[in-house]
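A.B. asks: File query17.csv below, CSV, C-alpha atoms and all ligand atoms:
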chain,number,residue,atom,x,y,z
A,6,MET,CA,15.7,-14.8,-16.9
A,7,SER,CA,17.6,-11.5,-16.9
A,8,SER,CA,18.9,-10.1,-13.7
A,9,PRO,CA,16.6,-7.5,-12.0
A,10,VAL,CA,17.2,-3.8,-12.7
A,11,MET,CA,15.5,-3.0,-9.5
A,12,SER,CA,14.5,-4.9,-6.4
A,13,ALA,CA,12.4,-4.1,-3.3
A,14,LYS,CA,13.3,-6.0,-0.1
A,15,GLY,CA,10.9,-6.0,2.9
A,16,LEU,CA,9.5,-2.6,1.9
A,17,ALA,CA,7.1,-1.1,4.4
A,18,ARG,CA,5.6,2.3,5.1
A,19,HIS,CA,3.9,3.1,8.4
A,20,TYR,CA,1.9,6.3,9.2
A,21,ALA,CA,1.2,7.6,12.7
A,22,VAL,CA,-2.5,8.6,12.7
A,23,GLY,CA,-4.7,10.2,15.2
A,24,GLY,CA,-3.3,10.8,18.7
A,25,ASN,CA,-3.6,13.8,20.9
A,26,LEU,CA,-2.8,14.9,24.4
A,27,ILE,CA,-4.4,11.9,26.0
A,28,SER,CA,-4.2,9.2,23.4
A,29,LYS,CA,-1.2,7.9,21.6
A,30,PRO,CA,-1.2,7.9,17.7
A,31,GLN,CA,-2.0,4.5,16.1
A,32,THR,CA,0.3,2.9,13.5
A,33,LEU,CA,-1.3,2.5,10.1
A,34,ARG,CA,0.6,0.0,8.0
A,35,ALA,CA,-0.1,1.2,4.5
A,36,VAL,CA,2.5,-1.2,3.0
A,37,ALA,CA,4.1,-4.1,4.8
A,38,GLU,CA,7.0,-6.4,3.8
A,39,LEU,CA,6.8,-6.2,0.1
A,40,ASN,CA,9.5,-8.1,-2.0
A,41,PHE,CA,9.7,-8.0,-5.7
A,42,ASP,CA,12.1,-7.6,-8.7
A,43,LEU,CA,11.6,-5.5,-11.8
A,44,ARG,CA,13.4,-6.6,-15.0
A,45,ALA,CA,14.3,-4.6,-18.1
A,46,GLY,CA,11.6,-4.8,-20.8
A,47,GLU,CA,9.1,-6.4,-18.4
A,48,THR,CA,6.0,-5.2,-16.5
A,49,LEU,CA,5.1,-6.1,-12.9
A,50,ALA,CA,1.5,-5.1,-12.4
A,51,VAL,CA,0.3,-4.4,-8.9
A,52,VAL,CA,-3.5,-4.8,-8.3
A,53,GLY,CA,-5.8,-4.4,-5.4
A,54,GLU,CA,-8.8,-2.4,-4.2
A,55,SER,CA,-8.6,1.3,-3.5
A,56,GLY,CA,-6.9,1.9,-0.2
A,57,CYS,CA,-4.7,-1.3,-0.3
A,58,GLY,CA,-1.4,0.7,-0.5
A,59,LYS,CA,-0.7,1.0,-4.2
A,60,SER,CA,0.0,4.7,-4.3
A,61,THR,CA,2.0,4.5,-1.1
A,62,LEU,CA,4.2,1.9,-2.8
A,63,ALA,CA,4.6,4.2,-5.8
A,64,ARG,CA,5.7,7.1,-3.6
A,65,MET,CA,8.3,4.9,-1.9
A,66,LEU,CA,9.7,3.5,-5.1
A,67,THR,CA,10.2,7.0,-6.4
A,68,LEU,CA,11.5,8.2,-3.1
A,69,ILE,CA,8.8,10.9,-2.8
A,70,GLU,CA,8.4,9.2,0.6
A,71,GLU,CA,11.2,7.3,2.4
A,72,PRO,CA,10.3,3.7,3.2
A,73,THR,CA,9.8,3.1,7.0
A,74,THR,CA,11.8,-0.1,6.7
A,75,GLY,CA,13.2,-2.3,4.0
A,76,SER,CA,15.5,-1.4,1.1
A,77,LEU,CA,15.6,-0.6,-2.6
A,78,MET,CA,18.2,-2.0,-4.9
A,79,LEU,CA,19.3,-0.8,-8.3
A,80,ASP,CA,21.3,-3.2,-10.5
A,81,GLY,CA,21.9,-5.4,-7.5
A,82,LYS,CA,23.2,-2.6,-5.3
A,83,THR,CA,21.4,-1.5,-2.2
A,84,ILE,CA,20.9,2.2,-2.5
A,85,THR,CA,21.9,4.6,0.3
A,86,LYS,CA,21.2,8.3,0.8
A,87,GLU,CA,24.3,9.2,-1.4
A,88,ASP,CA,22.7,7.2,-4.3
A,89,TRP,CA,19.4,9.1,-4.1
A,90,PRO,CA,20.0,11.7,-6.8
A,91,ASP,CA,21.0,9.0,-9.3
A,92,TYR,CA,18.2,6.7,-8.2
A,93,ARG,CA,15.7,9.5,-8.7
A,94,SER,CA,16.8,9.9,-12.3
A,95,TYR,CA,16.6,6.2,-13.0
A,96,VAL,CA,13.2,5.7,-11.5
A,97,GLN,CA,10.5,8.0,-12.8
A,98,MET,CA,6.8,8.2,-12.1
A,99,VAL,CA,3.7,8.8,-14.2
A,100,PHE,CA,0.7,9.8,-12.1
A,101,GLN,CA,-3.0,9.0,-12.6
A,102,ASP,CA,-4.3,12.5,-13.2
A,103,PRO,CA,-2.9,14.1,-16.3
A,104,TYR,CA,-4.8,17.3,-15.4
A,105,GLY,CA,-3.2,17.8,-12.0
A,106,SER,CA,0.3,16.6,-12.9
A,107,LEU,CA,1.3,19.2,-15.5
A,108,ASN,CA,1.9,22.8,-14.4
A,109,PRO,CA,-0.8,24.9,-16.3
A,110,ARG,CA,1.5,27.9,-16.5
A,111,GLN,CA,4.3,26.2,-18.3
A,112,ARG,CA,4.5,25.5,-22.0
A,113,ILE,CA,5.2,21.9,-23.0
A,114,SER,CA,8.7,22.9,-24.1
A,115,ALA,CA,9.4,24.1,-20.5
A,116,ILE,CA,7.7,21.1,-18.9
A,117,LEU,CA,9.8,18.6,-20.9
A,118,GLN,CA,13.1,20.5,-20.4
A,119,GLU,CA,12.7,21.1,-16.7
A,120,PRO,CA,14.2,17.7,-15.6
A,121,LEU,CA,17.2,18.4,-17.8
A,122,VAL,CA,17.7,22.0,-16.5
A,123,ILE,CA,17.7,20.6,-12.9
A,124,ASN,CA,19.7,17.4,-13.5
A,125,ARG,CA,21.8,17.8,-16.6
A,126,PRO,CA,23.5,21.2,-16.1
A,127,GLU,CA,26.2,20.2,-18.6
A,128,MET,CA,23.7,20.2,-21.5
A,129,SER,CA,23.4,23.3,-23.7
A,130,ALA,CA,20.0,25.0,-24.3
A,131,ALA,CA,20.1,23.7,-27.9
A,132,GLU,CA,20.8,20.1,-26.8
A,133,ARG,CA,18.0,20.3,-24.2
A,134,GLU,CA,15.5,21.6,-26.8
A,135,ALA,CA,16.6,18.9,-29.3
A,136,LYS,CA,16.1,16.2,-26.7
A,137,ALA,CA,12.6,17.5,-25.7
A,138,ARG,CA,11.5,17.7,-29.3
A,139,GLU,CA,12.7,14.1,-29.9
A,140,MET,CA,10.7,12.9,-26.9
A,141,LEU,CA,7.6,14.8,-28.0
A,142,SER,CA,7.7,12.9,-31.3
A,143,LEU,CA,8.5,9.6,-29.6
A,144,VAL,CA,5.2,9.8,-27.6
A,145,GLY,CA,3.2,10.5,-30.8
A,146,LEU,CA,2.8,14.3,-30.5
A,147,ARG,CA,3.5,16.8,-33.3
A,148,PRO,CA,6.2,19.6,-33.5
A,149,GLU,CA,3.6,22.3,-33.3
A,150,HIS,CA,2.5,21.1,-29.9
A,151,PHE,CA,5.9,22.1,-28.4
A,152,ASP,CA,4.9,25.7,-27.5
A,153,ARG,CA,1.4,25.0,-26.3
A,154,TYR,CA,0.1,25.0,-22.8
A,155,PRO,CA,-1.4,21.9,-21.1
A,156,HIS,CA,-5.0,23.2,-21.2
A,157,MET,CA,-4.9,23.0,-25.0
A,158,PHE,CA,-4.6,19.2,-24.9
A,159,SER,CA,-7.0,16.3,-24.3
A,160,GLY,CA,-6.5,13.9,-21.3
A,161,GLY,CA,-4.9,11.4,-23.6
A,162,GLN,CA,-2.5,13.9,-25.0
A,163,ARG,CA,-1.6,15.2,-21.6
A,164,GLN,CA,-0.8,11.7,-20.4
A,165,ARG,CA,1.5,11.4,-23.5
A,166,ILE,CA,3.2,14.6,-22.3
A,167,ALA,CA,3.5,13.2,-18.7
A,168,VAL,CA,5.1,10.1,-20.2
A,169,ALA,CA,7.5,12.2,-22.3
A,170,ARG,CA,8.5,14.2,-19.2
A,171,ALA,CA,9.1,11.0,-17.2
A,172,LEU,CA,11.5,9.7,-20.0
A,173,MET,CA,13.6,12.9,-20.3
A,174,LEU,CA,16.3,11.6,-18.0
A,175,GLU,CA,16.5,8.2,-19.7
A,176,PRO,CA,15.2,6.2,-16.7
A,177,LYS,CA,15.5,2.5,-16.4
A,178,VAL,CA,12.2,2.1,-14.5
A,179,LEU,CA,8.8,3.8,-14.8
A,180,VAL,CA,6.4,3.6,-11.9
A,181,LEU,CA,2.9,4.1,-13.4
A,182,ASP,CA,0.2,4.8,-10.9
A,183,GLU,CA,-3.2,4.0,-12.6
A,184,PRO,CA,-1.9,5.8,-15.7
A,185,VAL,CA,-5.1,5.3,-17.7
A,186,SER,CA,-7.8,5.2,-15.0
A,187,ALA,CA,-8.6,8.9,-15.4
A,188,LEU,CA,-8.9,8.6,-19.2
A,189,ASP,CA,-12.0,7.8,-21.4
A,190,LEU,CA,-12.2,4.1,-22.2
A,191,SER,CA,-11.8,4.9,-25.9
A,192,ILE,CA,-8.3,6.3,-25.5
A,193,GLN,CA,-7.1,4.0,-22.8
A,194,SER,CA,-5.9,1.4,-25.2
A,195,ALA,CA,-4.0,4.0,-27.3
A,196,ILE,CA,-2.0,5.0,-24.2
A,197,LEU,CA,-1.5,1.4,-23.1
A,198,ASN,CA,-0.1,0.6,-26.6
A,199,LEU,CA,2.1,3.6,-26.5
A,200,LEU,CA,3.5,2.5,-23.1
A,201,LEU,CA,4.1,-1.1,-24.5
A,202,ASP,CA,5.8,0.3,-27.6
A,203,LEU,CA,8.1,2.6,-25.5
A,204,GLN,CA,8.9,-0.3,-23.2
A,205,GLU,CA,10.1,-2.4,-26.1
A,206,ARG,CA,12.1,0.4,-27.8
A,207,LEU,CA,13.7,1.7,-24.6
A,208,ASN,CA,13.9,-1.7,-22.7
A,209,LEU,CA,12.2,-0.1,-19.7
A,210,ALA,CA,11.1,-1.9,-16.6
A,211,TYR,CA,7.5,-1.0,-15.5
A,212,LEU,CA,5.8,-1.2,-12.2
A,213,PHE,CA,2.2,-0.8,-13.4
A,214,ILE,CA,-0.4,0.0,-10.7
A,215,SER,CA,-4.0,-0.7,-11.6
A,216,HIS,CA,-7.3,-1.7,-9.9
A,217,ASP,CA,-8.5,-2.8,-13.4
A,218,LEU,CA,-7.8,-6.4,-14.2
A,219,SER,CA,-8.6,-6.1,-17.9
A,220,VAL,CA,-5.9,-3.4,-18.2
A,221,VAL,CA,-3.5,-5.7,-16.2
A,222,ARG,CA,-4.3,-8.6,-18.6
A,223,HIS,CA,-3.2,-6.4,-21.5
A,224,VAL,CA,0.1,-5.1,-20.1
A,225,ALA,CA,1.5,-7.4,-17.4
A,226,ASP,CA,4.2,-10.0,-17.4
A,227,GLU,CA,4.0,-10.6,-13.7
A,228,VAL,CA,1.2,-9.8,-11.3
A,229,LEU,CA,1.3,-8.9,-7.6
A,230,VAL,CA,-2.0,-8.9,-5.8
A,231,MET,CA,-2.2,-6.7,-2.7
A,232,TYR,CA,-4.6,-6.8,0.1
A,233,LEU,CA,-4.4,-4.2,2.9
A,234,GLY,CA,-0.8,-3.4,2.3
A,235,ARG,CA,0.5,-6.9,1.8
A,236,ALA,CA,1.2,-9.2,-1.2
A,237,VAL,CA,-1.3,-12.1,-1.1
A,238,GLU,CA,-0.4,-13.6,-4.5
A,239,LYS,CA,2.4,-13.1,-7.0
A,240,GLY,CA,3.3,-14.9,-10.2
A,241,LYS,CA,3.3,-14.9,-14.0
A,242,LYS,CA,0.3,-13.2,-15.6
A,243,GLU,CA,-0.9,-16.4,-17.2
A,244,GLU,CA,-0.7,-18.3,-13.9
A,245,ILE,CA,-2.6,-15.6,-12.0
A,246,PHE,CA,-5.4,-15.4,-14.6
A,247,THR,CA,-5.8,-19.0,-15.4
A,248,ASN,CA,-5.0,-20.5,-12.0
A,249,PRO,CA,-5.7,-17.9,-9.3
A,250,ARG,CA,-4.9,-19.4,-5.8
A,251,HIS,CA,-5.9,-16.8,-3.3
A,252,PRO,CA,-9.6,-16.5,-2.7
A,253,TYR,CA,-9.2,-12.7,-3.0
A,254,THR,CA,-7.6,-12.9,-6.4
A,255,LYS,CA,-10.4,-15.4,-7.4
A,256,ALA,CA,-13.0,-12.9,-6.3
A,257,LEU,CA,-11.3,-10.0,-8.1
A,258,LEU,CA,-11.1,-12.1,-11.3
A,259,SER,CA,-14.7,-13.2,-11.1
A,260,ALA,CA,-15.8,-9.6,-11.1
A,261,THR,CA,-13.9,-8.9,-14.3
A,262,PRO,CA,-15.5,-9.5,-17.7
A,263,GLN,CA,-14.2,-12.7,-19.4
A,264,ALA,CA,-12.0,-12.3,-22.4
A,265,ASP,CA,-13.7,-15.3,-23.8
A,266,PRO,CA,-17.5,-15.0,-23.4
A,267,THR,CA,-18.1,-18.7,-24.0
A,268,VAL,CA,-16.3,-19.5,-20.7
A,269,LYS,CA,-18.8,-19.5,-18.0
A,270,SER,CA,-17.6,-18.4,-14.6
A,271,GLU,CA,-19.3,-18.0,-11.3
A,272,ARG,CA,-19.3,-14.5,-9.9
A,273,ILE,CA,-18.1,-14.4,-6.3
A,274,LYS,CA,-19.4,-11.5,-4.3
A,275,LEU,CA,-17.2,-10.4,-1.5
A,276,SER,CA,-19.0,-9.8,1.7
A,277,GLY,CA,-18.3,-6.7,3.7
A,278,GLU,CA,-16.1,-3.8,2.9
A,279,LEU,CA,-12.4,-3.4,2.9
A,280,PRO,CA,-11.6,-3.2,6.7
A,281,SER,CA,-9.8,-0.2,8.0
A,282,PRO,CA,-6.0,-0.8,7.9
A,283,LEU,CA,-6.1,0.3,11.6
A,284,ASP,CA,-8.0,-2.8,12.8
A,285,VAL,CA,-6.2,-5.6,10.9
A,286,ILE,CA,-6.5,-8.9,12.8
A,287,ASP,CA,-3.6,-11.1,13.8
A,288,GLY,CA,-4.4,-13.7,11.3
A,289,CYS,CA,-5.0,-13.4,7.6
A,290,ALA,CA,-6.4,-9.9,6.9
A,291,PHE,CA,-8.7,-11.3,4.3
A,292,ALA,CA,-10.3,-13.9,6.7
A,293,PRO,CA,-13.3,-11.7,7.7
A,294,ARG,CA,-14.4,-11.6,4.1
A,295,CYS,CA,-13.3,-15.1,3.0
A,296,TRP,CA,-15.7,-17.9,2.4
A,297,ARG,CA,-12.9,-20.5,2.9
A,298,ALA,CA,-11.6,-19.1,6.2
A,299,ASP,CA,-11.4,-21.2,9.4
A,300,ASP,CA,-9.8,-20.8,12.8
A,301,THR,CA,-6.3,-21.4,11.4
A,302,CYS,CA,-6.7,-18.4,9.2
A,303,ARG,CA,-7.9,-16.2,12.1
A,304,ALA,CA,-5.0,-17.3,14.4
A,305,ALA,CA,-1.9,-16.4,12.4
A,306,ARG,CA,-1.1,-14.7,9.1
A,307,PRO,CA,0.0,-17.1,6.3
A,308,ASP,CA,3.3,-16.4,4.6
A,309,LEU,CA,3.6,-15.7,0.9
A,310,SER,CA,5.1,-18.9,-0.4
A,311,GLY,CA,4.8,-21.9,-2.8
A,312,ALA,CA,5.1,-22.8,-6.5
A,313,PRO,CA,4.4,-22.4,-9.4
A,314,HIS,CA,3.5,-19.1,-8.0
A,315,GLU,CA,3.4,-17.6,-4.5
A,316,VAL,CA,0.3,-17.3,-2.4
A,317,ALA,CA,-0.3,-16.3,1.2
A,318,CYS,CA,-3.2,-18.6,2.1
A,319,TYR,CA,-3.8,-21.7,4.2
A,320,HIS,CA,-6.6,-23.0,1.9
A,321,PRO,CA,-5.7,-21.9,-1.6
A,322,VAL,CA,-8.3,-22.3,-4.3
A,323,GLY,CA,-7.7,-25.5,-6.3
A,324,ASP,CA,-6.5,-27.6,-3.4
A,325,ASP,CA,-9.9,-29.2,-3.3
A,326,ALA,CA,-13.0,-29.4,-5.4
A,327,LYS,CA,-14.6,-26.4,-3.8
A,328,VAL,CA,-14.4,-22.9,-5.3
B,401,LIG,P1,-4.3,2.9,-2.9
B,401,LIG,O1,-3.4,3.8,-3.8
B,401,LIG,O2,-4.2,1.5,-3.1
B,401,LIG,O3,-5.7,3.4,-3.0
B,401,LIG,P2,-3.0,4.3,-0.7
B,401,LIG,O4,-1.6,3.9,-0.9
B,401,LIG,O5,-3.4,5.7,-1.2
B,401,LIG,O6,-3.9,3.2,-1.4
B,401,LIG,O7,-3.4,4.2,0.8
B,401,LIG,C1,-3.2,3.1,1.6
B,401,LIG,C2,-3.6,3.3,3.0
B,401,LIG,O8,-2.7,4.3,3.6
B,401,LIG,C3,-5.0,3.9,3.1
B,401,LIG,O9,-5.6,3.4,4.3
B,401,LIG,C4,-4.7,5.4,3.3
B,401,LIG,O10,-5.7,6.0,4.0
B,401,LIG,C5,-3.4,5.4,4.1
B,401,LIG,N1,-2.6,6.6,3.9
B,401,LIG,C6,-2.0,6.9,2.7
B,401,LIG,N2,-1.2,8.0,2.8
B,401,LIG,C7,-1.3,8.4,4.1
B,401,LIG,C8,-0.8,9.5,4.9
B,401,LIG,N3,0.0,10.4,4.4
B,401,LIG,N4,-1.1,9.5,6.3
B,401,LIG,C9,-1.9,8.6,6.8
B,401,LIG,N5,-2.4,7.5,6.1
B,401,LIG,C10,-2.2,7.5,4.8
B,402,MG,MG,-3.9,5.1,-5.4
Spell out the structure here as structure tokens.
C.D. replies:
Amino acid sequence: MSSPVMSAKGLARHYAVGGNLISKPQTLRAVAELNFDLRAGETLAVVGESGCGKSTLARMLTLIEEPTTGSLMLDGKTITKEDWPDYRSYVQMVFQDPYGSLNPRQRISAILQEPLVINRPEMSAAEREAKAREMLSLVGLRPEHFDRYPHMFSGGQRQRIAVARALMLEPKVLVLDEPVSALDLSIQSAILNLLLDLQERLNLAYLFISHDLSVVRHVADEVLVMYLGRAVEKGKKEEIFTNPRHPYTKALLSATPQADPTVKSERIKLSGELPSPLDVIDGCAFAPRCWRADDTCRAARPDLSGAPHEVACYHPVGDDAKV
């Protein structure tokens, strides 16, 4: 296995919420103690329900927000404040909404060249333009698109432009936060295939955020399942899809259409809603919704551990005959 291009160690982000003259603010742990590696040419998919901390993670990885605790490493070196400018070039982000993420008053030519204007002052105007045109063609758009404005494009084309912009500084890592969720189903796979093609050509590491397991099945090498800010299961894609260990993963999978319709699977319905991250219990955060939970689970939080893939559960699925 190649060495990681990027690693996160004990990454966490807390927010102080509420609070006024008489009551203290509460601490909301949007992301807690995440550890993972990203490798060149590979995709780590992060999955979980809305509100589990995925976008907070994306903002930390791209330093839009500073982690509350924990560290980020690039090529085995822990980054410090002095490394932030370089790090920000190496780790770029593609957002979910291709309508909100492009400035409507800028032509595509200006949108693509802006990162170079800011970060590569040594480049001439002609070099910048050549690079932007090259990128436009790499994402499957045509030369005549160069001088148009974002509103003249479809959602899928806009997402191509957002990907091209993210690649202008030749990053090593792309953080993709639900990059196809806002697109029509009919164009999702075209964009996913573009991303896979670019990954192969440019040897990019992807952190791919999605709540949609059929998308994850298509793109991931490794999968990290999050529940209320924490990793509850992590492993190779095949492992997670064929041998899910955490009851939460099992429930997520059972709600996803099967690739093979001849395989019968029981649908597990999760009881209750995702609890507020402000009243997470001492034990396993999933215990209140879990059909396998007992007093052990409610007493202390299980660690993420084990092989062939890691799971944070005292009673993983598959340890007995029960579902
Ligand atoms: P996801 O992307 O998985 O839907 P988010 O990362 O957006 O989840 O949010 C995770 C949790 O953190 C949610 O409970 C959300 O309300 C909370 N949160 C996110 N950003 C902030 C913020 N700036 N201030 C307070 N709470 C926040
Ligand atoms: Mg989100």
A.B. asks: What's around stretch 148-152 of chain A at 8 Å? Count all atoms listed in the file, leave out sequence neighbours fewer than 2 positions away in its own chain, and write the answer as an mmCIF file with C-alpha atoms, in the frame of the given file.
C.D. replies:
data_model
loop_
_atom_site.group_PDB
_atom_site.id
_atom_site.type_symbol
_atom_site.label_atom_id
_atom_site.label_comp_id
_atom_site.auth_asym_id
_atom_site.auth_seq_id
_atom_site.Cartn_x
_atom_site.Cartn_y
_atom_site.Cartn_z
ATOM 1 C CA ARG A 112 4.500 25.500 -22.000
ATOM 2 C CA ILE A 113 5.200 21.900 -23.000
ATOM 3 C CA SER A 114 8.700 22.900 -24.100
ATOM 4 C CA ARG A 138 11.500 17.700 -29.300
ATOM 5 C CA LEU A 141 7.600 14.800 -28.000
ATOM 6 C CA SER A 142 7.700 12.900 -31.300
ATOM 7 C CA LEU A 146 2.800 14.300 -30.500
ATOM 8 C CA TYR A 154 0.100 25.000 -22.800
#
A.B. asks: Report as CSV the residues of chain A within 8 Å of ligand LIG 401 (chain B), each with its shortest atom pair and distance in Å (one decimal), using only C-alpha atoms and all ligand atoms, ordered by chain and increasing residue number.
C.D. replies:
residue,atom,partner,partner_atom,distance
A:Tyr20,CA,B:LIG401,C9,5.0
A:Ala21,CA,B:LIG401,C9,6.7
A:Val22,CA,B:LIG401,C9,5.9
A:Leu33,CA,B:LIG401,N5,6.5
A:Arg34,CA,B:LIG401,O8,7.0
A:Ala35,CA,B:LIG401,O8,4.1
A:Val36,CA,B:LIG401,C1,7.3
A:Gly53,CA,B:LIG401,O2,6.5
A:Glu54,CA,B:LIG401,O2,6.1
A:Ser55,CA,B:LIG401,O3,3.6
A:Gly56,CA,B:LIG401,O3,3.4
A:Cys57,CA,B:LIG401,O2,4.0
A:Gly58,CA,B:LIG401,O4,3.2
A:Lys59,CA,B:LIG401,O2,3.7
A:Ser60,CA,B:LIG401,O1,3.6
A:Thr61,CA,B:LIG401,O4,3.7
A:Leu62,CA,B:LIG401,O4,6.4
A:Ala63,CA,B:LIG401,O4,7.9
A:Leu233,CA,B:LIG401,C1,7.5
A:Gly234,CA,B:LIG401,C1,7.0
A:Ser281,CA,B:LIG401,O9,6.7
A:Pro282,CA,B:LIG401,O9,5.5
A:Leu283,CA,B:LIG401,O9,7.9
A.B. asks: Pick from A:Ala187, A:Leu179, A:Leu207, A:Ile69: nearest to A:Leu49, with all atoms listed in the file counted?
C.D. replies: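 When distances to A:Leu49 are compared using all atoms listed in the file, the smallest one comes from A:Leu179.
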A.B. asks: Taking into account all atoms listed in the file, which residue in the set A:Leu66, A:Arg163, A:Ser215, A:Ile123 is nearest to ligand MG 402 (chain B)?
C.D. replies: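 Nearest to ligand MG 402 (chain B): A:Ser215.
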A.B. asks: May I have the protein, DNA and RNA residues with any atom at most 12 Å from the point (3.1, -0.8, -14.7), counting all atoms listed in the file, written as a ChimeraX atom specification?
C.D. replies: /A:43-44,46-52,59,63,97-101,178-185,197,200-201,204,209-217,220-229
A.B. asks: Might you pull out every residue within 7 Å of A:Arg303, with only C-alpha atoms counted and same-chain residues fewer than 2 positions away left off, and present them as a ChimeraX atom specification?
C.D. replies: /A:287-289,292,299-301,305
A.B. asks: Could you tell me how far atom CA of A:Ala290 sits from atom CA of A:Ser276, in Å to one decimal place?
C.D. replies: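 That distance, rounded to one decimal, is 13.6 Å.
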A.B. asks: Compare A:Arg64, A:Asp91, A:Lys136, A:Phe291 by their minimum atom-to-atom distance to ligand MG 402 (chain B), counting only C-alpha atoms and all ligand atoms, and give me the closest one.
C.D. replies: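 For ligand MG 402 (chain B), the nearest of the given residues is A:Arg64.
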A.B. asks: Neighbours of A:Tyr95 within 12 Å (all atoms listed in the file; same-chain residues fewer than 6 positions away dropped), as a list in words?
C.D. replies: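 Residues near the query, excluding close chain neighbours: Val10, Met11, Leu66, Thr67, Leu68, Met78, Leu79, Asp80, Asp88, Trp89, Asn124, Ala171, Leu172, Met173, Leu174, Glu175, Pro176, Lys177, Val178, Leu179, Val180, Leu209, Ala210 and Tyr211 of chain A.
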A.B. asks: Please measure the separation of atom CA of A:Ala137 and atom CA of A:Glu119, giving the value in Å to one decimal.
C.D. replies: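 Atom CA of A:Glu119 lies at a distance of 9.7 Å from atom CA of A:Ala137.
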A.B. asks: I'd like to know which of A:Ser186, A:Glu315, A:Ser259, A:Cys302 is closest to ligand MG 402 (chain B), using only C-alpha atoms and all ligand atoms.
C.D. replies: A:Ser186
A.B. asks: Taking all atoms listed in the file into account, name the residue in A:Asp202, A:Asp102, A:Asp324, A:Glu238 that is nearest to ligand MG 402 (chain B).
C.D. replies: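 Distance minimum relative to ligand MG 402 (chain B) lands on A:Asp102.
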A.B. asks: Considering all atoms listed in the file, state which residue in the set A:Ser219, A:Ser159, A:Ser94, A:Gln164 is at the smallest distance from A:Ala260.
C.D. replies: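 Answer, going by the shortest atom-to-atom distance: A:Ser219.
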A.B. asks: For a cut-off of 9 Å around (1.1, -19.1, -0.2), file coordinates, pick out all residues using only C-alpha atoms and list them as a compact mmCIF listing (two decimals) with C-alpha atoms, in the coordinates of the input.
C.D. replies:
# COMPACT_ATOMS: atom_id res chain seq x y z
CA VAL A 237 -1.30 -12.10 -1.10
CA GLU A 238 -0.40 -13.60 -4.50
CA ARG A 250 -4.90 -19.40 -5.80
CA HIS A 251 -5.90 -16.80 -3.30
CA PRO A 307 0.00 -17.10 6.30
CA ASP A 308 3.30 -16.40 4.60
CA LEU A 309 3.60 -15.70 0.90
CA SER A 310 5.10 -18.90 -0.40
CA GLY A 311 4.80 -21.90 -2.80
CA ALA A 312 5.10 -22.80 -6.50
CA HIS A 314 3.50 -19.10 -8.00
CA GLU A 315 3.40 -17.60 -4.50
CA VAL A 316 0.30 -17.30 -2.40
CA ALA A 317 -0.30 -16.30 1.20
CA CYS A 318 -3.20 -18.60 2.10
CA TYR A 319 -3.80 -21.70 4.20
CA HIS A 320 -6.60 -23.00 1.90
CA PRO A 321 -5.70 -21.90 -1.60
A.B. asks: So what do you get for atom CA of A:Ile116 versus atom CA of A:Pro155, distance-wise?
C.D. replies: 9.4 Å
A.B. asks: What lies within 8 Å of A:Leu77 using all atoms listed in the file, ignoring chain neighbours under 3 positions off, as an MDAnalysis selection string?
C.D. replies: chainID A and resid 11:14 16 66 83:84
